[in-house]
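Structure file input_22.txt (compact mmCIF, C-alpha atoms) follows.
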```txt
# COMPACT_ATOMS: atom_id res chain seq x y z
CA MET N 37 -10.00 16.89 -2.52
CA ALA N 38 -6.59 16.39 -0.90
CA ALA N 39 -6.18 20.15 -0.54
CA LEU N 40 -9.66 20.39 0.98
CA LEU N 41 -8.86 17.64 3.50
CA ALA N 42 -5.51 19.18 4.38
CA GLU N 43 -7.07 22.57 5.00
CA ARG N 44 -10.04 21.18 6.90
CA HIS N 45 -7.90 19.06 9.24
CA GLY N 46 -4.72 21.14 9.52
CA LEU N 47 -2.60 18.61 7.63
CA ARG N 48 0.45 19.19 5.48
CA LEU N 49 -0.12 18.12 1.89
CA TYR N 50 2.49 16.15 -0.04
CA SER N 51 1.56 15.72 -3.69
CA CYS N 52 3.62 13.00 -5.32
CA ASP N 53 3.18 14.58 -8.77
CA ALA N 54 4.87 17.77 -7.55
CA HIS N 55 8.04 15.81 -6.74
CA PHE N 56 8.12 13.43 -9.71
CA ASP N 57 10.49 15.44 -11.90
CA ARG N 58 12.92 15.97 -9.01
CA HIS N 59 12.84 12.27 -8.21
CA CYS N 60 13.45 11.36 -11.85
CA ALA N 61 16.42 13.76 -11.93
CA ALA N 62 17.91 12.09 -8.84
CA ALA N 63 17.18 8.51 -9.95
CA ASP N 64 20.04 6.02 -9.94
CA PRO N 65 19.94 4.05 -13.23
CA ALA N 66 21.16 0.92 -11.41
CA THR N 67 18.34 0.84 -8.86
CA GLN N 68 15.70 3.05 -10.49
CA PRO N 69 15.99 2.29 -14.21
CA THR N 70 12.46 3.32 -15.11
CA LEU N 71 12.72 6.73 -13.40
CA ALA N 72 16.16 7.28 -14.95
CA ARG N 73 14.82 6.49 -18.43
CA LEU N 74 11.73 8.67 -17.96
CA ARG N 75 13.83 11.70 -17.04
CA THR N 76 15.17 11.94 -20.60
CA ALA N 77 12.08 10.82 -22.52
CA PRO N 78 9.69 13.58 -23.59
CA ARG N 79 6.69 12.98 -21.35
CA ALA N 80 4.05 13.53 -24.03
CA GLU N 81 5.73 11.07 -26.39
CA GLN N 82 5.65 8.43 -23.68
CA PHE N 83 1.91 8.19 -24.26
CA LEU N 84 2.49 6.98 -27.81
CA GLN N 85 4.01 3.72 -26.50
CA PRO N 86 2.00 0.46 -26.49
CA LEU N 87 -0.45 0.14 -23.60
CA ARG N 88 1.47 -2.74 -21.98
CA THR N 89 4.61 -0.58 -21.90
CA LEU N 90 2.71 2.40 -20.49
CA VAL N 91 1.22 0.38 -17.62
CA ARG N 92 4.49 -1.41 -16.87
CA ASP N 93 6.35 1.90 -16.76
CA ALA N 94 3.72 3.55 -14.56
CA VAL N 95 3.80 0.75 -11.98
CA SER N 96 7.61 0.42 -12.09
CA ALA N 97 8.03 4.18 -11.68
CA CYS N 98 5.77 4.12 -8.61
CA ARG N 99 7.69 1.24 -7.05
CA GLU N 100 11.02 2.95 -7.72
CA GLU N 101 9.86 6.37 -6.53
CA PHE N 102 8.15 5.22 -3.32
CA PRO N 103 11.38 5.06 -1.24
CA MET N 104 12.16 8.61 -2.39
CA VAL N 105 8.73 9.76 -1.19
CA VAL N 106 9.31 8.03 2.17
CA ALA N 107 12.71 9.76 2.44
CA ASP N 108 11.11 13.13 1.66
CA LEU N 109 8.51 12.56 4.37
CA ALA N 110 11.15 11.48 6.90
CA ALA N 111 13.12 14.67 6.19
CA LEU N 112 10.19 16.98 6.93
CA PRO N 113 10.53 19.10 10.05
CA PRO N 114 8.24 18.28 12.95
CA GLY N 115 4.74 19.54 12.42
CA PRO N 116 1.22 18.44 11.66
CA PRO N 117 0.59 15.03 10.09
CA VAL N 118 1.10 14.77 6.35
CA LEU N 119 -1.52 13.78 3.82
CA VAL N 120 0.15 12.08 0.84
CA GLU N 121 -1.72 12.02 -2.44
CA GLY N 122 -0.91 10.60 -5.85
CA MET N 123 -0.40 7.27 -7.56
CA THR N 124 3.10 6.61 -6.19
CA PRO N 125 1.94 5.10 -2.87
CA LEU N 126 0.75 1.82 -4.37
CA PRO N 127 -1.12 -0.44 -1.94
CA GLU N 128 1.73 -2.97 -1.99
CA CYS N 129 4.21 -0.27 -0.97
CA VAL N 130 2.10 1.23 1.78
CA ALA N 131 1.03 -2.13 3.21
CA ALA N 132 4.45 -2.52 4.86
CA LEU N 133 4.15 0.84 6.62
CA ARG N 134 0.94 2.15 8.22
CA PRO N 135 -1.92 0.87 6.10
CA GLU N 136 -4.43 1.77 8.83
CA ARG N 137 -3.84 5.38 7.77
CA ALA N 138 -4.33 4.80 4.05
CA ALA N 139 -7.12 4.77 1.51
CA TRP N 140 -7.19 4.79 -2.27
CA LEU N 141 -9.49 6.58 -4.64
CA VAL N 142 -9.48 5.34 -8.21
CA PRO N 143 -11.44 7.03 -10.97
CA ALA N 144 -14.00 5.22 -13.06
CA PRO N 145 -12.93 5.47 -16.73
CA ALA N 146 -15.68 7.93 -17.70
CA PHE N 147 -14.90 10.14 -14.70
CA GLN N 148 -11.18 10.25 -15.50
CA HIS N 149 -11.68 10.90 -19.19
CA ALA N 150 -14.16 13.71 -18.57
CA HIS N 151 -12.00 15.45 -15.98
CA TYR N 152 -8.69 15.14 -17.83
CA ALA N 153 -10.26 16.38 -21.05
CA ARG N 154 -11.11 19.65 -19.21
CA ARG N 155 -7.68 20.20 -17.65
CA ASP N 156 -5.52 22.79 -19.36
CA TRP N 157 -2.29 21.14 -18.25
CA ALA N 158 -3.30 17.88 -19.94
CA ALA N 159 -3.81 19.66 -23.26
CA THR N 160 -0.53 21.55 -22.80
CA LEU N 161 1.33 18.30 -22.15
CA LEU N 162 0.13 16.82 -25.44
CA ALA N 163 0.34 20.00 -27.51
CA GLY N 164 2.53 19.69 -30.57
CA LEU N 165 2.30 15.93 -30.89
CA ALA N 166 1.45 14.71 -34.37
CA ASP N 167 -1.12 12.33 -32.91
CA SER N 168 -2.28 14.03 -29.72
CA ASP N 169 -5.69 12.32 -29.86
CA ARG N 170 -4.07 8.88 -29.85
CA ALA N 171 -1.70 9.94 -27.07
CA PHE N 172 -4.63 11.15 -24.95
CA ASP N 173 -6.56 7.91 -25.55
CA ASN N 174 -3.48 5.85 -24.63
CA TRP N 175 -3.03 7.94 -21.49
CA MET N 176 -6.63 7.34 -20.45
CA ARG N 177 -6.37 3.60 -21.20
CA ARG N 178 -3.13 3.41 -19.20
CA ASP N 179 -4.76 5.10 -16.23
CA GLU N 180 -7.84 2.89 -16.55
CA VAL N 181 -5.74 -0.30 -16.43
CA SER N 182 -3.54 1.13 -13.66
CA ALA N 183 -6.61 2.10 -11.61
CA ARG N 184 -8.06 -1.39 -12.02
CA TRP N 185 -4.72 -2.86 -10.93
CA VAL N 186 -4.60 -0.60 -7.83
CA ARG N 187 -8.20 -1.48 -6.97
CA ILE N 188 -7.52 -5.22 -7.22
CA GLN N 189 -4.29 -4.91 -5.24
CA ALA N 190 -5.94 -2.86 -2.46
CA ARG N 191 -8.79 -5.32 -2.15
CA ARG N 192 -6.39 -8.28 -2.08
CA LEU N 193 -4.48 -6.57 0.74
CA ARG N 194 -7.77 -5.65 2.48
CA LEU N 195 -7.06 -1.95 2.23
CA PRO N 196 -9.84 0.58 1.67
CA VAL N 197 -10.42 1.56 -1.95
CA ARG N 198 -13.28 3.38 -3.62
CA VAL N 199 -14.07 3.92 -7.27
CA VAL N 200 -15.09 7.52 -7.91
CA ASP N 201 -17.63 8.17 -10.63
CA THR N 202 -19.49 11.16 -11.97
CA HIS N 203 -22.49 10.49 -9.69
CA HIS N 204 -20.39 10.74 -6.50
CA SER N 205 -20.38 14.14 -4.85
CA ILE N 206 -17.11 15.53 -3.56
CA GLY N 207 -18.75 15.75 -0.14
CA ALA N 208 -19.61 12.03 -0.09
CA VAL N 209 -16.16 10.98 -1.27
CA THR N 210 -14.47 13.36 1.18
CA ALA N 211 -16.55 11.94 4.05
CA TRP N 212 -15.53 8.41 3.02
CA VAL N 213 -11.83 9.36 3.03
CA GLU N 214 -12.18 11.10 6.40
CA LEU N 215 -13.78 7.97 7.82
CA GLN N 216 -11.10 5.65 6.37
CA LEU N 217 -8.24 7.83 7.64
CA GLY N 218 -9.77 8.48 11.04
CA LEU N 219 -9.75 12.22 10.42
CA THR N 220 -12.72 12.84 12.64
CA SER N 221 -10.20 12.81 15.49
CA LEU N 222 -6.52 13.53 14.96
CA ARG N 223 -5.57 12.89 18.59
CA GLY N 224 -4.03 9.54 17.64
CA TRP N 225 -1.85 11.19 14.95
CA LEU N 226 -0.21 13.86 17.06
```
How does this structure look as structure tokens?
Amino acid sequence: MAALLAERHGLRLYSCDAHFDRHCAAADPATQPTLARLRTAPRAEQFLQPLRTLVRDAVSACREEFPMVVADLAALPPGPPVLVEGMTPLPECVAALRPERAAWLVPAPAFQHAHYARRDWAATLLAGLADSDRAFDNWMRRDEVSARWVRIQARRLRLPVRVVDTHHSIGAVTAWVELQLGLTSLRGWL
């Protein structure tokens, strides 16, 4: 959906996932201990950790990585506005910047599980693990708890958030995001 919105509205797309490994590699262990630890841990094996550890690491990694994302965005050459997508921009992090240009989509558990189960890269990530089924279930549970946490945080901060489920069409969700971000008119962005 982010790619669709970027193309439709002439935006540059910044996917946080695409920069995660680079950010981990550059992490300072003193100020970004979670990112520094994650850079050496096999990613698939991380999903075999207890759920509490998985959620704590996911949230900590987002908090630690957010300033790196902001620095990346500040270093971009002048051009069209940037659409940032991914989990890293937690509501608490964005609230201090320009929350009027932010919205969060969080997947309902069934939606996430169904879509991740069909993604080749998800299977590749877990390939070779002795207990790949348990790792996948832990991953889905981590994302379910993280999504609930993001939803609660966004609502507490009065920021727009929507739960996406299998009965929502991409068109309806895209229209909601466009409305929340004011994409019907980009004059105020340029």
Rounded to one decimal in Å, what is the spacing between atom CA of Pro113 of chain N and atom CA of Pro196 of chain N? 28.8 Å
Write out as JSON, numbers by chain the residues lying within 9 Å of His45 of chain N, counting all atoms listed in the file and excluding same-chain residues fewer than 4 positions away. {"N": [40, 41, 219, 220, 222]}
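All residues of protein, DNA or RNA that reach within 8 Å of Val105 of chain N, judged by all atoms listed in the file and not counting those fewer than 4 positions away in the chain, are Cys52, Glu101 and Leu109 of chain N.
Going from atom CA of Ala72 of chain N over to atom CA of Pro103 of chain N, you cover 14.7 Å.
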Contacts of segment 165-167 of chain N within 12 Å, only C-alpha atoms, excl. fewer than 2 positions in-chain, as an mmCIF file with C-alpha atoms, in the frame of the given file:
```cif
data_model
loop_
_atom_site.group_PDB
_atom_site.id
_atom_site.type_symbol
_atom_site.label_atom_id
_atom_site.label_comp_id
_atom_site.auth_asym_id
_atom_site.auth_seq_id
_atom_site.Cartn_x
_atom_site.Cartn_y
_atom_site.Cartn_z
ATOM 1 C CA PRO N 78 9.690 13.580 -23.590
ATOM 2 C CA ARG N 79 6.690 12.980 -21.350
ATOM 3 C CA ALA N 80 4.050 13.530 -24.030
ATOM 4 C CA GLU N 81 5.730 11.070 -26.390
ATOM 5 C CA GLN N 82 5.650 8.430 -23.680
ATOM 6 C CA PHE N 83 1.910 8.190 -24.260
ATOM 7 C CA LEU N 84 2.490 6.980 -27.810
ATOM 8 C CA GLN N 85 4.010 3.720 -26.500
ATOM 9 C CA ALA N 159 -3.810 19.660 -23.260
ATOM 10 C CA THR N 160 -0.530 21.550 -22.800
ATOM 11 C CA LEU N 161 1.330 18.300 -22.150
ATOM 12 C CA LEU N 162 0.130 16.820 -25.440
ATOM 13 C CA ALA N 163 0.340 20.000 -27.510
ATOM 14 C CA ASP N 169 -5.690 12.320 -29.860
ATOM 15 C CA ARG N 170 -4.070 8.880 -29.850
ATOM 16 C CA ALA N 171 -1.700 9.940 -27.070
ATOM 17 C CA PHE N 172 -4.630 11.150 -24.950
ATOM 18 C CA ASP N 173 -6.560 7.910 -25.550
ATOM 19 C CA ASN N 174 -3.480 5.850 -24.630
#
```
Hey, what's within 8 Å of Tyr50 of chain N if we count all atoms listed in the file and toss same-chain stuff fewer than 2 positions away? As a ChimeraX atom specification, please? /N:48,52,118-121
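When atom CA of Arg192 of chain N is paired with atom CA of Arg88 of chain N, their separation reads 22.1 Å.
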Nearest to Arg73 of chain N, restricted to all atoms listed in the file and choosing among N:Leu87, N:Asp53, N:Ala61, N:Val213, comes out as N:Ala61
Regenerate segment 195-209 of chain N at the level of N, CA and C atoms and dump it as an mmCIF file, in the frame of the given file.
```cif
data_model
loop_
_atom_site.group_PDB
_atom_site.id
_atom_site.type_symbol
_atom_site.label_atom_id
_atom_site.label_comp_id
_atom_site.auth_asym_id
_atom_site.auth_seq_id
_atom_site.Cartn_x
_atom_site.Cartn_y
_atom_site.Cartn_z
ATOM 1 N N LEU N 195 -7.220 -3.379 1.969
ATOM 2 C CA LEU N 195 -7.060 -1.950 2.230
ATOM 3 C C LEU N 195 -8.222 -1.218 1.590
ATOM 4 N N PRO N 196 -8.664 -0.127 2.188
ATOM 5 C CA PRO N 196 -9.840 0.580 1.670
ATOM 6 C C PRO N 196 -9.592 1.225 0.311
ATOM 7 N N VAL N 197 -10.502 0.977 -0.603
ATOM 8 C CA VAL N 197 -10.420 1.560 -1.950
ATOM 9 C C VAL N 197 -11.841 1.867 -2.406
ATOM 10 N N ARG N 198 -11.960 2.964 -3.109
ATOM 11 C CA ARG N 198 -13.280 3.380 -3.620
ATOM 12 C C ARG N 198 -13.119 3.870 -5.042
ATOM 13 N N VAL N 199 -14.030 3.444 -5.891
ATOM 14 C CA VAL N 199 -14.070 3.920 -7.270
ATOM 15 C C VAL N 199 -14.938 5.182 -7.279
ATOM 16 N N VAL N 200 -14.381 6.245 -7.842
ATOM 17 C CA VAL N 200 -15.090 7.520 -7.910
ATOM 18 C C VAL N 200 -15.666 7.681 -9.304
ATOM 19 N N ASP N 201 -16.941 7.992 -9.357
ATOM 20 C CA ASP N 201 -17.630 8.170 -10.630
ATOM 21 C C ASP N 201 -18.311 9.521 -10.659
ATOM 22 N N THR N 202 -18.871 9.842 -11.794
ATOM 23 C CA THR N 202 -19.490 11.160 -11.970
ATOM 24 C C THR N 202 -20.689 11.376 -11.053
ATOM 25 N N HIS N 203 -21.323 10.310 -10.567
ATOM 26 C CA HIS N 203 -22.490 10.490 -9.690
ATOM 27 C C HIS N 203 -22.112 10.638 -8.221
ATOM 28 N N HIS N 204 -20.823 10.542 -7.883
ATOM 29 C CA HIS N 204 -20.390 10.740 -6.500
ATOM 30 C C HIS N 204 -20.108 12.218 -6.251
ATOM 31 N N SER N 205 -20.668 12.744 -5.196
ATOM 32 C CA SER N 205 -20.380 14.140 -4.850
ATOM 33 C C SER N 205 -19.038 14.211 -4.148
ATOM 34 N N ILE N 206 -18.387 15.357 -4.253
ATOM 35 C CA ILE N 206 -17.110 15.530 -3.560
ATOM 36 C C ILE N 206 -17.307 15.413 -2.052
ATOM 37 N N GLY N 207 -18.459 15.854 -1.574
ATOM 38 C CA GLY N 207 -18.750 15.750 -0.140
ATOM 39 C C GLY N 207 -18.822 14.306 0.322
ATOM 40 N N ALA N 208 -19.480 13.448 -0.461
ATOM 41 C CA ALA N 208 -19.610 12.030 -0.090
ATOM 42 C C ALA N 208 -18.257 11.334 -0.131
ATOM 43 N N VAL N 209 -17.473 11.616 -1.148
ATOM 44 C CA VAL N 209 -16.160 10.980 -1.270
ATOM 45 C C VAL N 209 -15.228 11.486 -0.168
#
```
